[in-house]
Each structure stands twice: as structure tokens, then as C-alpha cells.
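model.txt (compact mmCIF, C-alpha atoms and all ligand atoms) appears below.
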```
# COMPACT_ATOMS: atom_id res chain seq x y z
CA MET A 1 10.22 71.74 -51.45
CA LYS A 2 7.89 70.06 -53.92
CA LEU A 3 5.08 67.66 -52.95
CA GLU A 4 7.18 64.76 -54.25
CA ASP A 5 10.07 65.76 -51.96
CA TYR A 6 7.77 65.73 -48.92
CA ARG A 7 6.45 62.33 -49.95
CA ASN A 8 9.99 61.00 -50.32
CA LEU A 9 10.70 62.14 -46.78
CA LEU A 10 7.54 60.38 -45.54
CA ASP A 11 8.62 57.18 -47.36
CA GLN A 12 11.98 57.28 -45.58
CA ILE A 13 10.27 57.77 -42.21
CA ASP A 14 7.85 54.90 -42.89
CA ASP A 15 10.80 52.65 -43.79
CA GLN A 16 12.43 53.52 -40.47
CA ILE A 17 9.17 52.88 -38.56
CA LEU A 18 8.82 49.50 -40.29
CA THR A 19 12.41 48.50 -39.46
CA LEU A 20 11.81 49.46 -35.83
CA LEU A 21 8.51 47.53 -35.72
CA GLN A 22 10.32 44.45 -37.07
CA GLU A 23 13.03 44.83 -34.41
CA ARG A 24 10.33 45.28 -31.73
CA ALA A 25 8.52 42.14 -32.87
CA ALA A 26 11.75 40.10 -32.73
CA ILE A 27 12.42 41.25 -29.14
CA VAL A 28 8.84 40.51 -28.01
CA LYS A 29 9.23 36.98 -29.41
CA ARG A 30 12.31 36.59 -27.22
CA VAL A 31 10.33 37.91 -24.22
CA GLY A 32 7.72 35.22 -25.01
CA GLU A 33 10.41 32.51 -25.08
CA PHE A 34 11.85 33.83 -21.80
CA LYS A 35 8.41 33.74 -20.17
CA SER A 36 7.67 30.18 -21.27
CA ARG A 37 11.16 29.00 -20.20
CA THR A 38 11.06 30.64 -16.75
CA GLY A 39 7.31 30.90 -16.05
CA VAL A 40 7.98 34.32 -14.45
CA GLU A 41 5.05 36.15 -16.02
CA ARG A 42 1.98 35.57 -18.19
CA ILE A 43 1.83 36.56 -21.81
CA TYR A 44 -0.59 39.40 -21.08
CA ALA A 45 1.05 41.84 -18.67
CA PRO A 46 -1.58 44.59 -18.10
CA HIS A 47 0.65 46.61 -15.76
CA ARG A 48 3.45 46.67 -18.34
CA GLU A 49 1.09 47.67 -21.16
CA ARG A 50 -0.31 50.49 -19.04
CA GLU A 51 3.23 51.65 -18.23
CA ILE A 52 4.15 51.79 -21.94
CA LEU A 53 1.01 53.71 -22.95
CA SER A 54 1.28 56.18 -20.05
CA ARG A 55 4.97 56.81 -20.66
CA LEU A 56 4.50 57.45 -24.39
CA GLU A 57 1.44 59.66 -23.84
CA ALA A 58 3.36 61.76 -21.31
CA GLN A 59 6.38 62.00 -23.61
CA ASN A 60 4.21 62.91 -26.62
CA ARG A 61 2.63 65.96 -24.93
CA GLY A 62 -0.06 66.09 -27.62
CA GLN A 63 2.41 66.65 -30.51
CA PHE A 64 0.93 63.59 -32.21
CA PRO A 65 -2.89 63.29 -31.73
CA SER A 66 -3.31 61.57 -28.38
CA ASP A 67 -6.20 59.23 -29.37
CA GLY A 68 -4.30 58.22 -32.49
CA LEU A 69 -1.16 57.41 -30.49
CA HIS A 70 -3.21 55.27 -28.10
CA THR A 71 -4.89 53.35 -30.93
CA ILE A 72 -1.63 52.80 -32.85
CA TYR A 73 0.23 51.60 -29.76
CA THR A 74 -2.63 49.34 -28.64
CA GLU A 75 -2.43 47.67 -32.05
CA ILE A 76 1.39 47.46 -32.05
CA ILE A 77 1.31 45.79 -28.64
CA SER A 78 -1.61 43.57 -29.73
CA ALA A 79 0.25 42.34 -32.82
CA CYS A 80 3.48 41.82 -30.85
CA ARG A 81 1.67 40.00 -28.01
CA ALA A 82 0.09 37.65 -30.55
CA LEU A 83 3.63 36.58 -31.55
CA GLU A 84 4.03 35.17 -28.03
CA ARG A 85 0.60 33.46 -28.33
CA PRO A 86 -2.70 34.76 -29.73
CA LEU A 87 -5.12 35.42 -26.85
CA SER A 88 -8.87 34.85 -26.89
CA ILE A 89 -11.22 37.36 -25.26
CA ALA A 90 -14.84 36.63 -24.26
CA PHE A 91 -17.37 39.48 -24.37
CA LEU A 92 -21.15 39.84 -24.24
CA GLY A 93 -22.25 38.91 -27.76
CA PRO A 94 -23.27 39.05 -30.47
CA ALA A 95 -20.70 41.26 -32.25
CA GLY A 96 -21.15 45.01 -31.92
CA SER A 97 -21.91 45.24 -28.18
CA PHE A 98 -20.27 47.83 -25.91
CA GLY A 99 -18.31 44.93 -24.38
CA HIS A 100 -16.97 44.14 -27.85
CA ALA A 101 -15.91 47.77 -28.33
CA VAL A 102 -14.15 47.82 -24.93
CA SER A 103 -12.45 44.46 -25.61
CA SER A 104 -10.88 45.74 -28.79
CA HIS A 105 -9.98 49.07 -27.14
CA LEU A 106 -8.09 47.17 -24.40
CA PHE A 107 -6.62 44.21 -26.29
CA GLY A 108 -6.40 45.53 -29.89
CA LYS A 109 -7.46 43.59 -32.97
CA SER A 110 -4.84 40.81 -32.93
CA VAL A 111 -6.86 38.59 -30.58
CA LYS A 112 -9.62 36.05 -31.10
CA PHE A 113 -12.98 37.45 -29.92
CA VAL A 114 -15.42 34.97 -28.40
CA ALA A 115 -19.05 36.19 -28.27
CA VAL A 116 -20.87 34.86 -25.17
CA THR A 117 -24.46 35.39 -23.89
CA PRO A 118 -25.50 36.20 -21.17
CA GLN A 119 -22.80 38.04 -19.19
CA PRO A 120 -22.46 35.51 -16.31
CA ASP A 121 -21.47 32.88 -18.90
CA ILE A 122 -18.35 34.95 -19.64
CA PHE A 123 -17.08 33.73 -16.25
CA THR A 124 -17.62 30.05 -17.11
CA THR A 125 -16.11 30.55 -20.57
CA VAL A 126 -12.87 31.84 -19.01
CA GLU A 127 -12.93 29.31 -16.13
CA SER A 128 -13.19 26.43 -18.59
CA GLY A 129 -10.33 27.77 -20.73
CA ARG A 130 -12.49 28.50 -23.80
CA ALA A 131 -11.17 32.08 -23.53
CA ASP A 132 -8.07 33.50 -21.84
CA TYR A 133 -9.81 36.64 -20.55
CA GLY A 134 -13.33 38.01 -20.27
CA VAL A 135 -14.66 41.57 -20.33
CA VAL A 136 -17.79 42.24 -18.23
CA ALA A 137 -19.83 45.37 -17.50
CA ILE A 138 -19.98 45.84 -13.71
CA GLU A 139 -21.73 49.20 -13.19
CA ASN A 140 -23.25 52.14 -14.99
CA SER A 141 -23.20 55.74 -13.78
CA THR A 142 -26.93 56.23 -14.47
CA HIS A 143 -28.35 52.84 -13.58
CA GLY A 144 -25.93 51.41 -11.00
CA THR A 145 -24.56 47.92 -10.49
CA VAL A 146 -25.00 45.04 -12.93
CA ARG A 147 -26.17 42.56 -10.32
CA ASP A 148 -25.81 39.27 -12.18
CA VAL A 149 -22.14 40.09 -12.83
CA LEU A 150 -21.41 41.23 -9.27
CA GLU A 151 -23.02 38.04 -7.95
CA MET A 152 -20.67 35.88 -10.02
CA PHE A 153 -17.70 37.14 -8.00
CA GLN A 154 -19.03 35.22 -4.99
CA TYR A 155 -18.48 31.93 -6.78
CA THR A 156 -15.52 32.39 -9.09
CA ASN A 157 -11.80 31.94 -8.54
CA LEU A 158 -11.03 34.26 -11.44
CA GLN A 159 -9.18 37.50 -10.70
CA ILE A 160 -9.80 41.01 -11.95
CA CYS A 161 -6.73 42.18 -13.88
CA GLY A 162 -8.00 45.41 -15.44
CA GLU A 163 -10.82 47.92 -15.77
CA CYS A 164 -11.96 50.52 -18.28
CA PHE A 165 -14.53 53.35 -18.17
CA LEU A 166 -16.51 53.73 -21.36
CA PRO A 167 -18.73 56.77 -22.00
CA ILE A 168 -21.87 55.17 -23.41
CA LYS A 169 -23.98 56.82 -26.08
CA GLN A 170 -27.29 55.07 -26.68
CA HIS A 171 -29.19 55.73 -29.89
CA LEU A 172 -32.52 54.62 -31.25
CA LEU A 173 -31.53 52.60 -34.32
CA SER A 174 -33.82 51.34 -37.06
CA LYS A 175 -34.26 50.67 -40.77
CA SER A 176 -37.72 52.31 -40.58
CA PRO A 177 -38.64 56.00 -39.98
CA LEU A 178 -39.43 56.93 -36.37
CA ALA A 179 -43.21 57.21 -36.93
CA GLN A 180 -43.45 53.61 -38.20
CA ILE A 181 -41.72 51.94 -35.23
CA LYS A 182 -44.03 49.51 -33.40
CA LYS A 183 -41.52 47.60 -31.22
CA ILE A 184 -38.22 48.46 -29.55
CA TYR A 185 -35.64 45.87 -28.50
CA SER A 186 -32.88 46.45 -25.96
CA HIS A 187 -31.04 45.25 -22.87
CA PRO A 188 -32.82 46.17 -19.59
CA GLN A 189 -29.85 48.39 -18.57
CA ALA A 190 -30.05 50.34 -21.84
CA PHE A 191 -33.83 50.82 -21.50
CA ALA A 192 -33.27 52.07 -17.96
CA GLN A 193 -30.65 54.58 -19.15
CA CYS A 194 -33.10 56.07 -21.69
CA ARG A 195 -36.38 55.93 -19.73
CA GLN A 196 -37.14 59.65 -19.97
CA TRP A 197 -36.56 60.04 -23.72
CA LEU A 198 -38.50 56.86 -24.52
CA GLY A 199 -41.37 58.01 -22.28
CA GLN A 200 -41.56 61.38 -24.01
CA ASN A 201 -40.99 60.27 -27.60
CA MET A 202 -42.05 56.63 -27.88
CA SER A 203 -44.84 56.24 -25.32
CA GLY A 204 -47.13 53.32 -26.09
CA VAL A 205 -44.50 51.59 -28.25
CA GLN A 206 -43.83 48.04 -27.02
CA GLN A 207 -40.43 47.53 -25.30
CA ILE A 208 -38.92 44.04 -25.47
CA GLU A 209 -35.95 43.11 -23.26
CA VAL A 210 -33.20 40.99 -24.82
CA SER A 211 -29.76 39.79 -23.66
CA SER A 212 -27.62 42.57 -25.16
CA THR A 213 -27.85 45.81 -27.14
CA SER A 214 -26.14 44.10 -30.09
CA GLU A 215 -28.73 41.29 -30.01
CA ALA A 216 -31.38 44.05 -30.08
CA ALA A 217 -29.72 45.66 -33.12
CA LYS A 218 -29.50 42.27 -34.86
CA LEU A 219 -33.23 41.68 -34.29
CA ALA A 220 -34.19 45.21 -35.39
CA ALA A 221 -32.25 44.66 -38.61
CA SER A 222 -34.23 41.53 -39.42
CA GLU A 223 -37.79 42.76 -38.63
CA PRO A 224 -39.54 45.70 -40.34
CA ASN A 225 -41.01 48.50 -38.17
CA THR A 226 -38.82 47.65 -35.18
CA ALA A 227 -35.94 49.54 -33.55
CA ALA A 228 -33.16 48.94 -31.04
CA VAL A 229 -31.67 51.04 -28.28
CA ALA A 230 -27.97 50.37 -28.82
CA GLY A 231 -24.61 51.97 -29.57
CA GLN A 232 -23.05 53.18 -32.79
CA LEU A 233 -20.95 50.04 -33.28
CA ALA A 234 -24.07 47.84 -33.11
CA GLY A 235 -25.80 50.11 -35.65
CA GLU A 236 -22.83 49.90 -38.01
CA THR A 237 -22.50 46.14 -37.55
CA TYR A 238 -26.14 45.45 -38.51
CA GLY A 239 -26.72 48.32 -40.98
CA LEU A 240 -29.21 50.40 -38.96
CA SER A 241 -29.72 54.18 -39.15
CA VAL A 242 -29.81 56.53 -36.17
CA VAL A 243 -33.44 57.69 -35.79
CA GLY A 244 -32.93 59.11 -32.27
CA GLU A 245 -29.44 60.35 -31.35
CA SER A 246 -27.91 60.25 -27.85
CA ILE A 247 -31.17 59.42 -26.07
CA MET A 248 -29.68 58.68 -22.62
CA ASP A 249 -31.14 60.49 -19.58
CA GLY A 250 -27.79 61.29 -17.95
CA PRO A 251 -25.34 63.42 -19.96
CA ASN A 252 -22.28 61.57 -18.60
CA ASN A 253 -23.57 58.04 -19.02
CA THR A 254 -20.50 55.87 -18.37
CA THR A 255 -20.11 52.13 -17.87
CA ARG A 256 -17.29 50.52 -15.94
CA PHE A 257 -15.96 47.26 -17.40
CA LEU A 258 -13.71 44.72 -15.69
CA VAL A 259 -11.22 42.32 -17.27
CA ILE A 260 -11.26 38.87 -15.63
CA GLY A 261 -8.67 36.13 -16.02
CA SER A 262 -6.54 33.70 -14.06
CA HIS A 263 -4.31 36.38 -12.50
CA SER A 264 -4.18 39.96 -11.19
CA ALA A 265 -1.79 42.70 -12.29
CA ALA A 266 1.49 43.88 -10.77
CA ARG A 267 1.83 47.31 -9.19
CA THR A 268 1.80 50.45 -11.37
CA GLY A 269 1.47 53.11 -8.66
CA ARG A 270 -2.15 53.93 -9.69
CA ASP A 271 -4.00 50.78 -8.76
CA ARG A 272 -7.26 49.54 -7.36
CA THR A 273 -8.04 46.46 -5.27
CA SER A 274 -11.46 44.79 -5.13
CA ILE A 275 -12.44 42.65 -2.14
CA LEU A 276 -15.45 40.66 -1.01
CA PHE A 277 -16.17 39.96 2.67
CA ALA A 278 -18.84 38.78 5.11
CA VAL A 279 -18.92 40.35 8.59
CA LYS A 280 -19.76 38.71 11.91
CA ASP A 281 -23.36 39.10 13.11
CA LYS A 282 -22.65 41.70 15.82
CA VAL A 283 -23.12 45.40 16.54
CA GLY A 284 -20.67 47.62 14.62
CA ALA A 285 -19.11 44.78 12.59
CA LEU A 286 -19.09 46.72 9.30
CA TRP A 287 -18.05 49.91 11.10
CA GLU A 288 -14.95 48.09 12.44
CA VAL A 289 -13.93 47.11 8.91
CA LEU A 290 -14.35 50.68 7.66
CA GLN A 291 -12.39 51.92 10.68
CA VAL A 292 -9.42 49.75 9.57
CA LEU A 293 -9.48 51.45 6.16
CA LYS A 294 -9.54 54.85 7.83
CA ASN A 295 -6.66 53.93 10.16
CA TYR A 296 -4.45 52.92 7.22
CA LYS A 297 -5.64 55.87 5.07
CA VAL A 298 -6.99 53.59 2.37
CA ASN A 299 -9.63 55.30 0.24
CA MET A 300 -12.76 53.28 -0.52
CA SER A 301 -14.25 54.02 -3.96
CA LYS A 302 -17.25 51.67 -3.84
CA ILE A 303 -19.25 49.57 -1.39
CA GLU A 304 -22.16 47.36 -2.30
CA SER A 305 -23.99 44.62 -0.40
CA LEU A 306 -25.60 41.48 -1.77
CA PRO A 307 -27.49 38.60 -0.11
CA SER A 308 -24.94 35.96 0.91
CA HIS A 309 -26.94 33.06 -0.60
CA THR A 310 -25.91 30.89 2.35
CA LYS A 311 -28.32 32.17 5.03
CA ALA A 312 -31.43 34.38 4.80
CA TRP A 313 -30.75 38.06 5.65
CA GLU A 314 -27.00 37.57 5.72
CA TYR A 315 -25.03 39.85 3.42
CA VAL A 316 -21.65 39.97 1.71
CA PHE A 317 -19.96 43.28 0.90
CA PHE A 318 -18.07 44.20 -2.25
CA VAL A 319 -15.57 46.96 -1.70
CA ASP A 320 -13.18 48.76 -4.08
CA LEU A 321 -10.08 50.26 -2.51
CA GLU A 322 -7.50 52.60 -3.95
CA GLY A 323 -4.01 51.09 -3.95
CA HIS A 324 -2.34 47.80 -4.88
CA ALA A 325 -2.73 44.78 -2.59
CA GLU A 326 1.07 44.81 -2.15
CA ASP A 327 1.22 48.48 -1.08
CA GLY A 328 2.24 48.53 2.62
CA ASN A 329 -0.90 50.25 3.97
CA VAL A 330 -3.31 48.20 1.84
CA ARG A 331 -1.57 44.94 2.76
CA LYS A 332 -1.79 45.71 6.49
CA ALA A 333 -5.44 46.83 6.20
CA LEU A 334 -6.37 43.63 4.34
CA THR A 335 -4.67 41.45 6.97
CA GLU A 336 -6.67 43.16 9.75
CA ILE A 337 -9.95 43.02 7.80
CA ASN A 338 -9.37 39.32 7.17
CA GLU A 339 -9.07 38.77 10.95
CA LEU A 340 -12.27 40.73 11.65
CA CYS A 341 -14.42 38.98 9.03
CA VAL A 342 -16.12 35.60 8.69
CA MET A 343 -14.77 35.47 5.14
CA MET A 344 -12.63 37.74 2.96
CA LYS A 345 -11.52 37.25 -0.62
CA ILE A 346 -9.33 39.49 -2.82
CA LEU A 347 -11.11 39.69 -6.17
CA GLY A 348 -8.22 41.37 -7.91
CA THR A 349 -5.65 44.14 -7.83
CA TYR A 350 -5.18 46.04 -11.07
CA PRO A 351 -4.31 49.39 -12.71
CA ILE A 352 -7.03 52.06 -12.23
CA GLY A 353 -9.00 52.22 -15.47
CA GLU A 354 -8.67 55.03 -17.90
CA GLN A 355 -11.61 56.70 -19.55
CA SER A 356 -11.69 55.37 -23.09
CA GLU A 357 -13.10 57.46 -25.93
CA GLY A 358 -16.86 57.01 -26.47
CA PHE A 359 -18.34 54.57 -29.00
C1 LIG A 401 6.56 41.86 -24.32
C2 LIG A 401 5.77 41.55 -23.31
O1 LIG A 401 4.55 40.83 -23.46
C3 LIG A 401 3.32 41.48 -23.79
C4 LIG A 401 3.54 42.44 -24.88
C5 LIG A 401 3.93 43.73 -24.59
C6 LIG A 401 4.55 44.62 -25.63
O2 LIG A 401 4.34 44.38 -26.82
O3 LIG A 401 5.30 45.55 -25.24
C7 LIG A 401 3.78 44.21 -23.27
C8 LIG A 401 3.25 43.45 -22.28
C9 LIG A 401 2.76 42.08 -22.51
O4 LIG A 401 1.36 42.09 -22.48
C10 LIG A 401 6.13 41.91 -21.91
O5 LIG A 401 5.56 41.34 -20.97
O6 LIG A 401 7.02 42.77 -21.72
```

When written as C-alpha cells, how does the structure in this file appear?
Ligand SMILES: C=C(O[C@@H]1C=C(C(=O)O)C=C[C@H]1O)C(=O)O
Amino acid sequence: MKLEDYRNLLDQIDDQILTLLQERAAIVKRVGEFKSRTGVERIYAPHREREILSRLEAQNRGQFPSDGLHTIYTEIISACRALERPLSIAFLGPAGSFGHAVSSHLFGKSVKFVAVTPQPDIFTTVESGRADYGVVAIENSTHGTVRDVLEMFQYTNLQICGECFLPIKQHLLSKSPLAQIKKIYSHPQAFAQCRQWLGQNMSGVQQIEVSSTSEAAKLAASEPNTAAVAGQLAGETYGLSVVGESIMDGPNNTTRFLVIGSHSAARTGRDRTSILFAVKDKVGALWEVLQVLKNYKVNMSKIESLPSHTKAWEYVFFVDLEGHAEDGNVRKALTEINELCVMMKILGTYPIGEQSEGF
């Protein structure tokens, strides 16, 4: 066959793909009409999107590049979803932050992005309806929990409907050569993730904490002889060069992000449930709660305590459990925990996050 013949074949395939995309879009529009007529489900159905991506990835078996398939399908679903109604997504701004990268990885490009600073304000932005969903960083594998975000869950009625694990690569970004850098901007979490490298290579250089890594990159782009610790997307967004590559202390530096909105997700079979509770002031109170989880064979993937803010030295506990809140064993465990505790709140039940490709 000649090159032209191959290209003719590709043209025919592209025509077929386009016809199928048009048919898909028409059906999604009907799904949207069905949803608004019956009120059965929200426009964004995270469990359903996860099901589609997992099914296609399994069926593909790597014949088409796996990352490519994920990106293409995220965008197909994003464009189709926008035909029901375009969604708005709040992330930690300005543009170019890791939260921005995760938001577009999860929701695709056919959404309206709303840049918000600082992270706790993402909660109020969604609560007030200025955005449909928010994406917040909750913990980092090197530096631990993002406290101001975790604290917000004590006060909000929003639900967690998704999560995503993002391998984070921090770079030293600047318009100036390394030797001329007098000031470095970054978010406290990012500084903490790169403490060793900065100590060895940039000792004596002033470190200034700002509200996000993208804000740091924006500042470094506007001031000579300054740099930012930030990710590749921030560097590209503000035209900075990498003067120190992958400067994080831990090799597997990963951040867990949560999606918050007005609802949780339906069951997929690989789910997580987050709860918040306060125990009675008595011997073994927390042990009793953990015993319930053991009895019902519910695996706990995280526990964290925070001051309750109602009484000095009283604590609330945040716990992540494996399983959906409607799974029999989880449901029974939650009922018993609720009886044992002064207060218990389900923060959300959602598909276990996948590891997204690094940015
Ligand atoms: C079409 C639907 O609405 C949205 C769009 C989807 C799609 O394009 O396949 C999937 C889930 C929803 O977020 C649906 O709920 O099935």
C-alpha cells in the first residue's frame, strides 16, 4: 500500500469516530433531559465516569496507549457532560497550581475553572453556588495533612464525591540563573517537601511563603533574581525555566486531592468512606470505635485527630474507611459507631482515587 492509501484508511476511520461521537453527544443530551425531568441523578456522576474509564482501560489491554486513552475519554465525557450543563470547578489559584492540573485531569477541559485563594475558601465558593465542585489538597506523602483543609470538614455540609492521587514534582523555577537568585517564593507545603535540597543548595537565600505554588511562580516571573518552588504547569504558565529539577526530598512525593460538592457518589465496588466523629470522655472510647471496625472487617486507611474547637482538650477524629457507606458491613459499622459517639458525620463516600500521571 502507498502512503496515500494508508491516509485514506485513516480518513475513513476518523469519519466513523466522528459519527459515533455525534451519536454519543445526542444520547448524553437525552440523558441530561431525563435527569432534569426525573431528578434521579446529578449531571456529574463520578461513579459512572469511573466505570466507563475502568471498563475501557480493561478492554484496551494496552493496545492503544493507556494514558492517551484516559485523556481522550476524559475529554469526550467532559464535552458530552457540558451538553447537559457546563460545570464550574473551584481550585487553589492562580492558574497553573497542582489543584488546577488535577481539576482538569478529573473533569476535562469543557468546564469553567474558578481560581480561589486560599484553599479553605474553595469550600465557601462551592457552598455559595459560585462553583459546582471544588478540588482541595488534603494530604501529602512527605509532609502529611493539610490542616486548614481538614479543619473545614468540621463546619461544612459539603460531601466528598471523589479523590485523586497526584505524584508531585517540585522544581526550582526562575528567569535568572541559579547563582543570581536572592529570594525564593513558595507555598509552605512545597518548601517543606524540598527542605533538604534547599538547605544544601540555596542556604542563606530568603524563603517567602505565599498562598500557592502558582502564586509563587507568578511572583517569580515578575521580579528579577527571584525563583519559585512549583510544578511544571506553573513554570509553563508563567514562562519560567527549570533551574533545579525534581528537588523534593521524598522520591515518591504524592498529594491526595478530594473533590467536594453537594453530593457523594454511588457504589462502584472500589470505594472509600470518610467520617468525622467525637468520642465520649471515658476510658477506651476510641478503642471501642476501632473494635467495631475490626468486628465488621472494615479496613481503616487513615486516622487523624484535631482539636474540637468546642471545648479545650477535646478532639474530633477523621477516619477513612475502605468500602461504600451502603455496603452491608460498612453500613452496620457506621450505625454502631454513631451510637457509641457524641457526634458522627459521614463526610462522603466515593470511588477510591486512581494515581494520575505526574505533572
Ligand atoms: C451521561 C451521563 O452524564 C454525565 C456524562 C457521562 C458520559 O458522557 O458518559 C457520564 C456520567 C455523567 O457525569 C450519565 O450520567 O450517564

Review point. Which one of A:Leu83, A:Met248, A:Leu18, A:Cys194 sits closest to ligand LIG 401 (chain A) if you count only C-alpha atoms and all ligand atoms?
Key: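 Counting only C-alpha atoms and all ligand atoms, the residue closest to ligand LIG 401 (chain A) is A:Leu83.
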
Compile the contact shell of Trp287 (chain A) as a ChimeraX atom specification: residues with an atom at most 12 Å away, counting only C-alpha atoms, same-chain residues fewer than 5 positions apart removed. /A:279-280,282,292-294,337,340-341

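Interatomic distance, CA of Phe165 (chain A) to CA of Ser97 (chain A): 14.8 Å.
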
(message) Given the point (-28.9, 49.5, -35.2) in the file's coordinates, find the residues that have an atom at most 10 Å from it, counting only C-alpha atoms, and give them as a ChimeraX atom specification.
(response) /A:96,171-175,213-221,227-243

Would you list the residues that come within 7 Å of ligand LIG 401 (chain A)? Count all atoms listed in the file and give the answer as a PyMOL selection string. chain A and resi 28+31-32+43-46+48-49+76-78+80-81

Taking N, CA and C atoms as the atom set, what does region 308-338 of chain A look like once completed, written as a PDB file, keeping the file's coordinate frame?
```pdb
ATOM      1  N   SER A 308     -26.080  36.896   0.904  1.00  0.00           N
ATOM      2  CA  SER A 308     -24.940  35.960   0.910  1.00  0.00           C
ATOM      3  C   SER A 308     -25.241  34.642   0.194  1.00  0.00           C
ATOM      4  N   HIS A 309     -26.529  34.315   0.043  1.00  0.00           N
ATOM      5  CA  HIS A 309     -26.940  33.060  -0.600  1.00  0.00           C
ATOM      6  C   HIS A 309     -26.649  31.830   0.254  1.00  0.00           C
ATOM      7  N   THR A 310     -26.129  32.047   1.488  1.00  0.00           N
ATOM      8  CA  THR A 310     -25.910  30.890   2.350  1.00  0.00           C
ATOM      9  C   THR A 310     -26.950  30.878   3.476  1.00  0.00           C
ATOM     10  N   LYS A 311     -27.351  32.070   3.943  1.00  0.00           N
ATOM     11  CA  LYS A 311     -28.320  32.170   5.030  1.00  0.00           C
ATOM     12  C   LYS A 311     -29.206  33.385   4.772  1.00  0.00           C
ATOM     13  N   ALA A 312     -30.523  33.249   5.054  1.00  0.00           N
ATOM     14  CA  ALA A 312     -31.430  34.380   4.800  1.00  0.00           C
ATOM     15  C   ALA A 312     -31.008  35.601   5.615  1.00  0.00           C
ATOM     16  N   TRP A 313     -31.057  36.768   5.026  1.00  0.00           N
ATOM     17  CA  TRP A 313     -30.750  38.060   5.650  1.00  0.00           C
ATOM     18  C   TRP A 313     -29.286  38.220   6.048  1.00  0.00           C
ATOM     19  N   GLU A 314     -28.434  37.381   5.491  1.00  0.00           N
ATOM     20  CA  GLU A 314     -27.000  37.570   5.720  1.00  0.00           C
ATOM     21  C   GLU A 314     -26.428  38.172   4.437  1.00  0.00           C
ATOM     22  N   TYR A 315     -25.506  39.121   4.602  1.00  0.00           N
ATOM     23  CA  TYR A 315     -25.030  39.850   3.420  1.00  0.00           C
ATOM     24  C   TYR A 315     -23.518  39.723   3.244  1.00  0.00           C
ATOM     25  N   VAL A 316     -23.083  39.813   1.983  1.00  0.00           N
ATOM     26  CA  VAL A 316     -21.650  39.970   1.710  1.00  0.00           C
ATOM     27  C   VAL A 316     -21.452  41.377   1.166  1.00  0.00           C
ATOM     28  N   PHE A 317     -20.260  41.920   1.363  1.00  0.00           N
ATOM     29  CA  PHE A 317     -19.960  43.280   0.900  1.00  0.00           C
ATOM     30  C   PHE A 317     -18.861  43.248  -0.157  1.00  0.00           C
ATOM     31  N   PHE A 318     -19.087  44.000  -1.212  1.00  0.00           N
ATOM     32  CA  PHE A 318     -18.070  44.200  -2.250  1.00  0.00           C
ATOM     33  C   PHE A 318     -17.495  45.581  -2.033  1.00  0.00           C
ATOM     34  N   VAL A 319     -16.189  45.665  -1.942  1.00  0.00           N
ATOM     35  CA  VAL A 319     -15.570  46.960  -1.700  1.00  0.00           C
ATOM     36  C   VAL A 319     -14.401  47.166  -2.683  1.00  0.00           C
ATOM     37  N   ASP A 320     -14.327  48.377  -3.258  1.00  0.00           N
ATOM     38  CA  ASP A 320     -13.180  48.760  -4.080  1.00  0.00           C
ATOM     39  C   ASP A 320     -12.315  49.721  -3.293  1.00  0.00           C
ATOM     40  N   LEU A 321     -11.027  49.433  -3.248  1.00  0.00           N
ATOM     41  CA  LEU A 321     -10.080  50.260  -2.510  1.00  0.00           C
ATOM     42  C   LEU A 321      -9.061  50.853  -3.452  1.00  0.00           C
ATOM     43  N   GLU A 322      -8.571  52.045  -3.133  1.00  0.00           N
ATOM     44  CA  GLU A 322      -7.500  52.600  -3.950  1.00  0.00           C
ATOM     45  C   GLU A 322      -6.162  52.118  -3.415  1.00  0.00           C
ATOM     46  N   GLY A 323      -5.318  51.625  -4.328  1.00  0.00           N
ATOM     47  CA  GLY A 323      -4.010  51.090  -3.950  1.00  0.00           C
ATOM     48  C   GLY A 323      -3.873  49.652  -4.395  1.00  0.00           C
ATOM     49  N   HIS A 324      -2.620  49.188  -4.474  1.00  0.00           N
ATOM     50  CA  HIS A 324      -2.340  47.800  -4.880  1.00  0.00           C
ATOM     51  C   HIS A 324      -2.287  46.925  -3.630  1.00  0.00           C
ATOM     52  N   ALA A 325      -2.699  45.675  -3.755  1.00  0.00           N
ATOM     53  CA  ALA A 325      -2.730  44.780  -2.590  1.00  0.00           C
ATOM     54  C   ALA A 325      -1.350  44.611  -1.958  1.00  0.00           C
ATOM     55  N   GLU A 326      -0.280  44.933  -2.716  1.00  0.00           N
ATOM     56  CA  GLU A 326       1.070  44.810  -2.150  1.00  0.00           C
ATOM     57  C   GLU A 326       1.600  46.123  -1.580  1.00  0.00           C
ATOM     58  N   ASP A 327       0.826  47.216  -1.727  1.00  0.00           N
ATOM     59  CA  ASP A 327       1.220  48.480  -1.080  1.00  0.00           C
ATOM     60  C   ASP A 327       1.159  48.249   0.434  1.00  0.00           C
ATOM     61  N   GLY A 328       2.154  48.773   1.175  1.00  0.00           N
ATOM     62  CA  GLY A 328       2.240  48.530   2.620  1.00  0.00           C
ATOM     63  C   GLY A 328       0.936  48.738   3.368  1.00  0.00           C
ATOM     64  N   ASN A 329       0.300  49.932   3.184  1.00  0.00           N
ATOM     65  CA  ASN A 329      -0.900  50.250   3.970  1.00  0.00           C
ATOM     66  C   ASN A 329      -2.076  49.357   3.581  1.00  0.00           C
ATOM     67  N   VAL A 330      -2.198  49.057   2.286  1.00  0.00           N
ATOM     68  CA  VAL A 330      -3.310  48.200   1.840  1.00  0.00           C
ATOM     69  C   VAL A 330      -3.104  46.788   2.378  1.00  0.00           C
ATOM     70  N   ARG A 331      -1.867  46.307   2.298  1.00  0.00           N
ATOM     71  CA  ARG A 331      -1.570  44.940   2.760  1.00  0.00           C
ATOM     72  C   ARG A 331      -1.926  44.787   4.247  1.00  0.00           C
ATOM     73  N   LYS A 332      -1.504  45.781   5.048  1.00  0.00           N
ATOM     74  CA  LYS A 332      -1.790  45.710   6.490  1.00  0.00           C
ATOM     75  C   LYS A 332      -3.299  45.787   6.742  1.00  0.00           C
ATOM     76  N   ALA A 333      -3.981  46.689   6.016  1.00  0.00           N
ATOM     77  CA  ALA A 333      -5.440  46.830   6.200  1.00  0.00           C
ATOM     78  C   ALA A 333      -6.135  45.508   5.849  1.00  0.00           C
ATOM     79  N   LEU A 334      -5.710  44.871   4.758  1.00  0.00           N
ATOM     80  CA  LEU A 334      -6.370  43.630   4.340  1.00  0.00           C
ATOM     81  C   LEU A 334      -6.143  42.516   5.367  1.00  0.00           C
ATOM     82  N   THR A 335      -4.952  42.475   5.954  1.00  0.00           N
ATOM     83  CA  THR A 335      -4.670  41.450   6.970  1.00  0.00           C
ATOM     84  C   THR A 335      -5.619  41.644   8.160  1.00  0.00           C
ATOM     85  N   GLU A 336      -5.788  42.899   8.592  1.00  0.00           N
ATOM     86  CA  GLU A 336      -6.670  43.160   9.750  1.00  0.00           C
ATOM     87  C   GLU A 336      -8.137  42.874   9.414  1.00  0.00           C
ATOM     88  N   ILE A 337      -8.545  43.254   8.196  1.00  0.00           N
ATOM     89  CA  ILE A 337      -9.950  43.020   7.800  1.00  0.00           C
ATOM     90  C   ILE A 337     -10.211  41.513   7.764  1.00  0.00           C
ATOM     91  N   ASN A 338      -9.243  40.778   7.244  1.00  0.00           N
ATOM     92  CA  ASN A 338      -9.370  39.320   7.170  1.00  0.00           C
ATOM     93  C   ASN A 338      -9.607  38.720   8.561  1.00  0.00           C
TER      94      ASN A 338
END
```
